[in-house]
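The block underneath contains the structure these notes are about, expressed in structure tokens.
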Amino acid sequence: MLFIGKHKKFTGSARHWLVFFIIALLVASCNPAKLVPEKSYLVNSVSVKVDDKRVKTDALQNYIKQKPNKKILYLFRFHLWVYNIANTGKKWKWKKKIGEIVGEKPVVLDDYYTKKSARQIGIYLKNKGYYHAKVKDSVIYYTNKTADVIYVVAAGKPYTVRNIDYTIEDTEIRNIILNDSANSVIRRGVHFDVDKMQEERARMARLLNTKGYFYFVKEFIDYQVDSTLKSNQVDINLRLKNPQKIISETEFVPDKHRKQKIKNIYIIPNYDQKKALQETETYFKNFDTLADNGFYFVYEKKMPIKPATVLRNIYLKSGDYYNISEVDKSYKFLSGLKIYKLINIQFVETADTTSAGEEYMDCVIQLTPFTVQSYTFEVVGTNSSSDIGMGGNFIYQHKNLFRGAEILDLKVNAELQMLKNVVQESTAKNKIFNTTEIGGEAKLYIPKFLLPYKSEILSRKYEAKTTFTIAENYQNRPDYTRTITSGTFGYFWKTSEYIKHFLNPIDISSIHLYDTVGFKYPDYLRASYDDFLITAINYSFVFNNQKISKSKDFTFFSATIETAGNMPGLYYSSTNAAKDGEYYKMLNVRYAQYLKSDIDYRFYHFFSTKNNLASRVFLGLGFPYGNSNELPFVKQYFCGGANSLRAWSVRSLGPGTYRDTTSTYNFQSADLKLEANFEYRFDIFWMFKGALFADVGNIWFMYKSDLGAEAKFKLDRFYKDLALGTGLGIRMDLSMFIFRCDFGLKIRNPNEIESRRWILFSKKFDLMGDFLQNVNIGIGYPF
């Protein structure tokens with residue numbers, strides 16, 4: 001009673017949450033088996049229990065034929081609930097249609113499928129070496145017409161491989177196989193596993209494909225397995241069969257595996273597949289041929305690309321043995337040029353042979369380019385915590401600008417936005433929008449390193465690209481007008497399938513702020529809003545092991561370091577130049593000097609193809625020095641918005657627990673940021689997906705003291721400064737992109753007075769003010 005009396009405001013909040021909980025409980029407790037026939041049971045759950053930890057239950061789940069109805073958040077049978085509603089009560093056409101699209105029929109227990117599942121699990125275990133495994137199914141029935149199915153597996157002792165023998169008549173092939181036996185997936189002492197044996201067949205076939213054997217396939221390999229030993233062991237005899245030569249339709253004679261060499265390589269750089277199929281006899285009639293070191297370019301009218309650009313990305317050579325790895329690399333690097341929509345590498349038999357009896361093949365590389373020039377218009381709508389906006393983009397792209405696979409991207413954008421927190425009396429009347437932003441950007445991608453020395457080998461090895469970017473941005477707001485002019489020159493390269501590097505040795509930005517009449521920024525940010533010239537160098541390391549086509553756990557990690565102003569600083573300090581006032585200036589503009597670094601770690605865990613957990617941790621730190629007392633505003637860190645803490649609008653949180661009671665506009669930024677995000681994503685139906693998320697973090701200053709201790713980062717108390725928000729999101733998967741709408745709810749706000757920081761416990765819940773006001777609309781996932 002004392003607790004309730006002390007926290008009277010909590011009762012209102014508790015009442016709302018209690019009502020929500022009761023409603024949720026009622027929904028969950030609605031009879032899910034109402035449409036299940038009499039003497040039948042709804043499958044409530046299916047579980048597998050195994051007495052051997054080496055057997056993965058997830059793998060056994062794949063062989064279960066009947067699984068329970070889908071649940072959202074592992075609690076609610078939403079789709080079954082919709083189906084039941086659609087098929088009970090008054091019958092309306094629209095209700096039935098919704099039931100068909102969204103609903104899911106009840107999964108009624110069927111003993112046939114239960115027994116079949118047990119048999120399939122037994123077969124799977126036998127293929128994994130558990131020859132004596134026993135699978136027993138049992139069902140627990142409940143009075144509410146639901147049932148739990150349990151499969152109990154007694155795996156027994158698995159069979160292992162005792163000996164491996166090879167029967168290979170061809171001496172050369174036998175030597176290739178035995179010399180590579182260290183990479184075999186089948187070894188003495190390992191579990192006998194049929195899947196591993198199939199994997200070994202594919203591995204050996206590919207190995208021979210890399211050694212010149214174009215026609216070799218895994219079907220030439222089979223096994224003899226002796227499992228009659230009494231020690232739970234098997235002996236394996238791997239046999240590699242020779243091909244048979246066709247003499248006639250009914251006559252075959254034994255033959256041998258032969259290697260194939262590449263003779264001529266024909267490259268068609270502007271191949272039109274549709275036209276070639278329609279004009280099979282005349283398609284190549286008017287084509288010209290250009291010879292270049294054993295390569296023959298076959299083209300129509302005009303050579304569309306420089307031969308060196310194509311040859312740099314082809315790993316096949318005339319006179320070399322066929323090698324499937326070189327074919328794969330050629331596919332990969334030609335695709336990396338981003339100018340071909342179709343790449344087809346074929347090999348054609350010839351009548352020629354080498355003196356050793358090896359066969360020659362011609363290689364034909366068909367390259368079908370994208371449309372060289374294209375443009376698109378985009379209409380953009382934004383809503384970040386009720387700051388609404390609209391705009392448009394015009395995008396032009398030229399693929400193969402200088403006939404060297406250079407890609408030019410031009411973008412012009414314009415946007416109108418209403419920033420409600422900066423509306424002034426003089427500008428608010430009769431205006432829907434109070435902010436205008438216009439910008440343009442040009443990017444040029446060159447598919448190689450541009451270096452002062454020859455870099456063909458490096459470019460080829462690391463899939464290198466050189467980039468040039470220039471951009472201009474103009475922003476007119478009620479409080480100020482700003483222009484940012486920037487230009488970068490940099491490199492991109494890959495050192496492995498998962499690792500990328502980005503280096504910008506030149507990254508220059510000029511920031512000019514004017515028309516600041518009435519601009520009431522906080523005193524602590526005054527220096528950040530000066531005009532600045534930024535001459536930076538930055539490097540980023542990115543690791544990403546995501547497999548796009550697979551729902552498999554993956555990790556993303558990036559680390560960036562940037563420094564600015566060191567070259568000008570070195571020049572002025574070495575020449576003992578005089579300062580212009582308090583600072584050095586270049587071109588009459590103060591240059592910024594700082595060091596900053598970011599770390600971004602993300603992990604994605606897939607529970608199934610339809611639901612996963614995404615998590616992110618971000619840490620960023622900037623350190624101004626020399627010619628700067630503050631980081632430039634555009635380089636400072638902030639929290640809030642569609643890709644950060646979604647319960648707060650952009651720049652409305654922090655620093656620390658500091659409260660700015662004088663400013664009506666969100667300026668909050670600092671030089672340290674710590675943030676973590678968690679998001680559970682799940683399918684709802686059709687193109688609609690849902691998400692529940694939680695965001696935690698804040699920003700701080702490391703060295704600034706004029707705001708007091710509450711704005712500074714302290715290791716022993718930073719956790720008390722953390723903001724916590726949660727919410728839910730609705731997403732639409734439109735194939736080409738994800739449209740996202742997230743509703744944020746503040747749980748803990750460190751910028752409130754200490755007794756009111758836990759929002760839900762200190763005030764009544766307001767649906768409009770606390771939830772629907774924090775709406776974030778975006779394209780793509782937040783991370």
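Naming scheme: A, B, ... for chains in displayed order of the structure tokens; residues 1 onward per chain; ligands 1 onward as shown.
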Would you list the contacts of Phe688 in chain A as an NGL selection string, taking every protein, DNA or RNA residue within 6 Å and counting only C-alpha atoms, but skipping same-chain residues closer than 2 positions in sequence?
:A and (684-686 or 731-732)
Keeping only N, CA and C atoms, write the selected residues to a file as a CSV table (one decimal), in the first residue's frame.
chain,number,residue,atom,x,y,z
A,684,ILE,N,4.4,-11.8,-41.5
A,684,ILE,CA,3.0,-11.7,-41.1
A,684,ILE,C,2.2,-12.5,-42.2
A,685,PHE,N,2.1,-11.9,-43.3
A,685,PHE,CA,1.5,-12.6,-44.5
A,685,PHE,C,1.8,-11.8,-45.7
A,686,TRP,N,1.8,-12.6,-46.8
A,686,TRP,CA,2.1,-12.0,-48.2
A,686,TRP,C,3.4,-11.1,-48.1
A,731,ARG,N,6.6,-3.6,-42.1
A,731,ARG,CA,7.4,-3.5,-43.3
A,731,ARG,C,6.6,-4.1,-44.5
A,732,MET,N,6.8,-3.6,-45.6
A,732,MET,CA,6.3,-4.1,-46.9
A,732,MET,C,7.5,-4.5,-47.8
7 Å contact set for Leu674 in chain A, only C-alpha atoms, chain neighbours under 6 positions out, as a ChimeraX atom specification
/A:618-620,697-699
Writer output for current selection, N, CA and C atoms, as a PDB file, in the first residue's frame:
ATOM      1  N   PHE A 618      27.122  -0.017 -31.797  1.00  0.00           N
ATOM      2  CA  PHE A 618      27.893   1.032 -32.471  1.00  0.00           C
ATOM      3  C   PHE A 618      28.641   1.851 -31.435  1.00  0.00           C
ATOM      4  N   LEU A 619      29.914   2.118 -31.727  1.00  0.00           N
ATOM      5  CA  LEU A 619      30.737   2.976 -30.879  1.00  0.00           C
ATOM      6  C   LEU A 619      31.491   3.943 -31.770  1.00  0.00           C
ATOM      7  N   GLY A 620      31.339   5.236 -31.493  1.00  0.00           N
ATOM      8  CA  GLY A 620      32.050   6.248 -32.257  1.00  0.00           C
ATOM      9  C   GLY A 620      32.669   7.285 -31.339  1.00  0.00           C
ATOM     10  N   GLY A 697      21.011   3.726 -25.853  1.00  0.00           N
ATOM     11  CA  GLY A 697      22.234   4.467 -26.166  1.00  0.00           C
ATOM     12  C   GLY A 697      22.155   5.913 -25.743  1.00  0.00           C
ATOM     13  N   ASN A 698      23.199   6.668 -26.100  1.00  0.00           N
ATOM     14  CA  ASN A 698      23.257   8.101 -25.833  1.00  0.00           C
ATOM     15  C   ASN A 698      24.534   8.657 -26.466  1.00  0.00           C
ATOM     16  N   ILE A 699      24.687   9.969 -26.367  1.00  0.00           N
ATOM     17  CA  ILE A 699      25.909  10.642 -26.804  1.00  0.00           C
ATOM     18  C   ILE A 699      26.485  11.406 -25.624  1.00  0.00           C
TER      19      ILE A 699
END
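For the atom pair formed by CA of Trp493 in chain A and CA of Ala464 in chain A, the distance is 4.3 Å, given to one decimal.
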Show me, as a PDB file with N, CA, C and O atoms, in the first residue's frame, the residues that have an atom within 10 Å of range 54-58 of chain A when counting only C-alpha atoms, minus same-chain residues fewer than 4 positions from it.
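Everything below was put into out.pdb:
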ATOM      1  N   SER A  47       7.965 -31.859 -30.842  1.00  0.00           N
ATOM      2  CA  SER A  47       9.323 -31.805 -30.294  1.00  0.00           C
ATOM      3  C   SER A  47      10.052 -33.115 -30.564  1.00  0.00           C
ATOM      4  O   SER A  47       9.424 -34.162 -30.763  1.00  0.00           O
ATOM      5  N   VAL A  48      11.384 -33.015 -30.578  1.00  0.00           N
ATOM      6  CA  VAL A  48      12.237 -34.183 -30.802  1.00  0.00           C
ATOM      7  C   VAL A  48      13.239 -34.265 -29.660  1.00  0.00           C
ATOM      8  O   VAL A  48      13.912 -33.278 -29.343  1.00  0.00           O
ATOM      9  N   LYS A  49      13.307 -35.420 -29.042  1.00  0.00           N
ATOM     10  CA  LYS A  49      14.254 -35.645 -27.951  1.00  0.00           C
ATOM     11  C   LYS A  49      15.234 -36.726 -28.360  1.00  0.00           C
ATOM     12  O   LYS A  49      14.833 -37.833 -28.749  1.00  0.00           O
ATOM     13  N   VAL A  50      16.528 -36.411 -28.295  1.00  0.00           N
ATOM     14  CA  VAL A  50      17.588 -37.320 -28.739  1.00  0.00           C
ATOM     15  C   VAL A  50      18.554 -37.554 -27.589  1.00  0.00           C
ATOM     16  O   VAL A  50      18.917 -36.609 -26.871  1.00  0.00           O
ATOM     17  N   ASN A  62      13.423 -31.169 -40.041  1.00  0.00           N
ATOM     18  CA  ASN A  62      13.140 -31.080 -41.480  1.00  0.00           C
ATOM     19  C   ASN A  62      12.354 -32.282 -41.999  1.00  0.00           C
ATOM     20  O   ASN A  62      11.769 -32.213 -43.083  1.00  0.00           O
ATOM     21  N   TYR A  63      12.349 -33.389 -41.261  1.00  0.00           N
ATOM     22  CA  TYR A  63      11.687 -34.606 -41.728  1.00  0.00           C
ATOM     23  C   TYR A  63      10.316 -34.813 -41.087  1.00  0.00           C
ATOM     24  O   TYR A  63       9.680 -35.832 -41.315  1.00  0.00           O
ATOM     25  N   LEU A 125      18.849 -40.916 -39.875  1.00  0.00           N
ATOM     26  CA  LEU A 125      19.859 -41.337 -38.912  1.00  0.00           C
ATOM     27  C   LEU A 125      20.720 -42.474 -39.456  1.00  0.00           C
ATOM     28  O   LEU A 125      21.927 -42.525 -39.210  1.00  0.00           O
ATOM     29  N   LYS A 128      23.310 -41.197 -41.565  1.00  0.00           N
ATOM     30  CA  LYS A 128      24.342 -40.534 -40.779  1.00  0.00           C
ATOM     31  C   LYS A 128      25.176 -41.520 -39.964  1.00  0.00           C
ATOM     32  O   LYS A 128      25.983 -41.104 -39.118  1.00  0.00           O
ATOM     33  N   TYR A 130      23.979 -44.015 -37.928  1.00  0.00           N
ATOM     34  CA  TYR A 130      23.319 -44.586 -36.749  1.00  0.00           C
ATOM     35  C   TYR A 130      22.422 -45.742 -37.219  1.00  0.00           C
ATOM     36  O   TYR A 130      21.201 -45.608 -37.311  1.00  0.00           O
ATOM     37  N   VAL A 153      14.189 -40.320 -29.719  1.00  0.00           N
ATOM     38  CA  VAL A 153      15.196 -40.998 -30.537  1.00  0.00           C
ATOM     39  C   VAL A 153      16.258 -41.611 -29.640  1.00  0.00           C
ATOM     40  O   VAL A 153      16.903 -40.896 -28.861  1.00  0.00           O
ATOM     41  N   ALA A 155      19.565 -43.045 -30.323  1.00  0.00           N
ATOM     42  CA  ALA A 155      20.452 -43.051 -31.491  1.00  0.00           C
ATOM     43  C   ALA A 155      21.317 -44.297 -31.569  1.00  0.00           C
ATOM     44  O   ALA A 155      21.599 -44.803 -32.662  1.00  0.00           O
TER      45      ALA A 155
END
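Near range 288-290 of chain A, within a cut-off of 7 Å and counting only C-alpha atoms, sit the residues Tyr296, Phe297, Val298, Tyr299 and Glu300 of chain A, with same-chain residues fewer than 6 positions away left out.
One distance worth recording is that between CA of Leu707 in chain A and CA of Pro655 in chain A, which is 9.3 Å.
The spacing separating CA of Gly569 in chain A from CA of Leu595 in chain A amounts to 13.2 Å.
The residue set within 9 Å of Ala308 in chain A, counting only C-alpha atoms and dropping same-chain residues fewer than 4 places from it, reads Arg312, Asn313 and Gly404 of chain A.
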Export of prior selection with C-alpha atoms as a short mmCIF file (atom, residue, chain, number, x, y, z; two decimals), in the first residue's frame:
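So again35.cif came out as:
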data_model
loop_
_atom_site.label_atom_id
_atom_site.label_comp_id
_atom_site.auth_asym_id
_atom_site.auth_seq_id
_atom_site.Cartn_x
_atom_site.Cartn_y
_atom_site.Cartn_z
CA ARG A 312 41.89 -7.96 -67.50
CA ASN A 313 38.88 -9.79 -66.10
CA GLY A 404 36.56 1.06 -70.17
#
Taking the DSSP assignment computed from this structure's backbone, write out as a ChimeraX atom specification all residues of range 138-329 of chain A that belong to strand (DSSP E or B).
/A:138-141,146-154,160-168,191,221-226,233-240,244-246,252-254,260-268,287-292,295-300,321
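Using only C-alpha atoms for every distance, the candidate list A:Tyr271, A:Tyr223, A:Phe543, A:Tyr498 yields A:Tyr223 as the residue closest to Tyr166 in chain A.
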Excluding same-chain residues fewer than 6 positions from range 33-39 of chain A, what lies within 8 Å of it counting only C-alpha atoms, as an NGL selection string?
:A and (84 or 106 or 108 or 144-146)
Phe557 in chain A surroundings by only C-alpha atoms, 7 Å radius, close-in-sequence under 5 positions cut, as a PyMOL selection string
chain A and resi 542-544+600-602
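Among A:Phe449, A:Tyr74, A:Tyr41, A:Trp758, the residue with the shortest atom-to-atom distance to Lys610 in chain A, counting only C-alpha atoms, is A:Tyr74.
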Out of range 173-230 of chain A, which residues get helix (DSSP H, G or I) from DSSP, as a ChimeraX atom specification?
/A:173-179,181-183,194-209,218-220
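If you measure from each of A:Leu277, A:Thr575, A:Lys256, A:Leu715 to Gln244 in chain A using only C-alpha atoms, the closest one turns out to be A:Lys256.
In terms of minimum interatomic distance to Tyr142 in chain A, A:Ser40 ranks closest within A:Ser40, A:Thr485, A:Ser227, A:Thr560, counting only C-alpha atoms.
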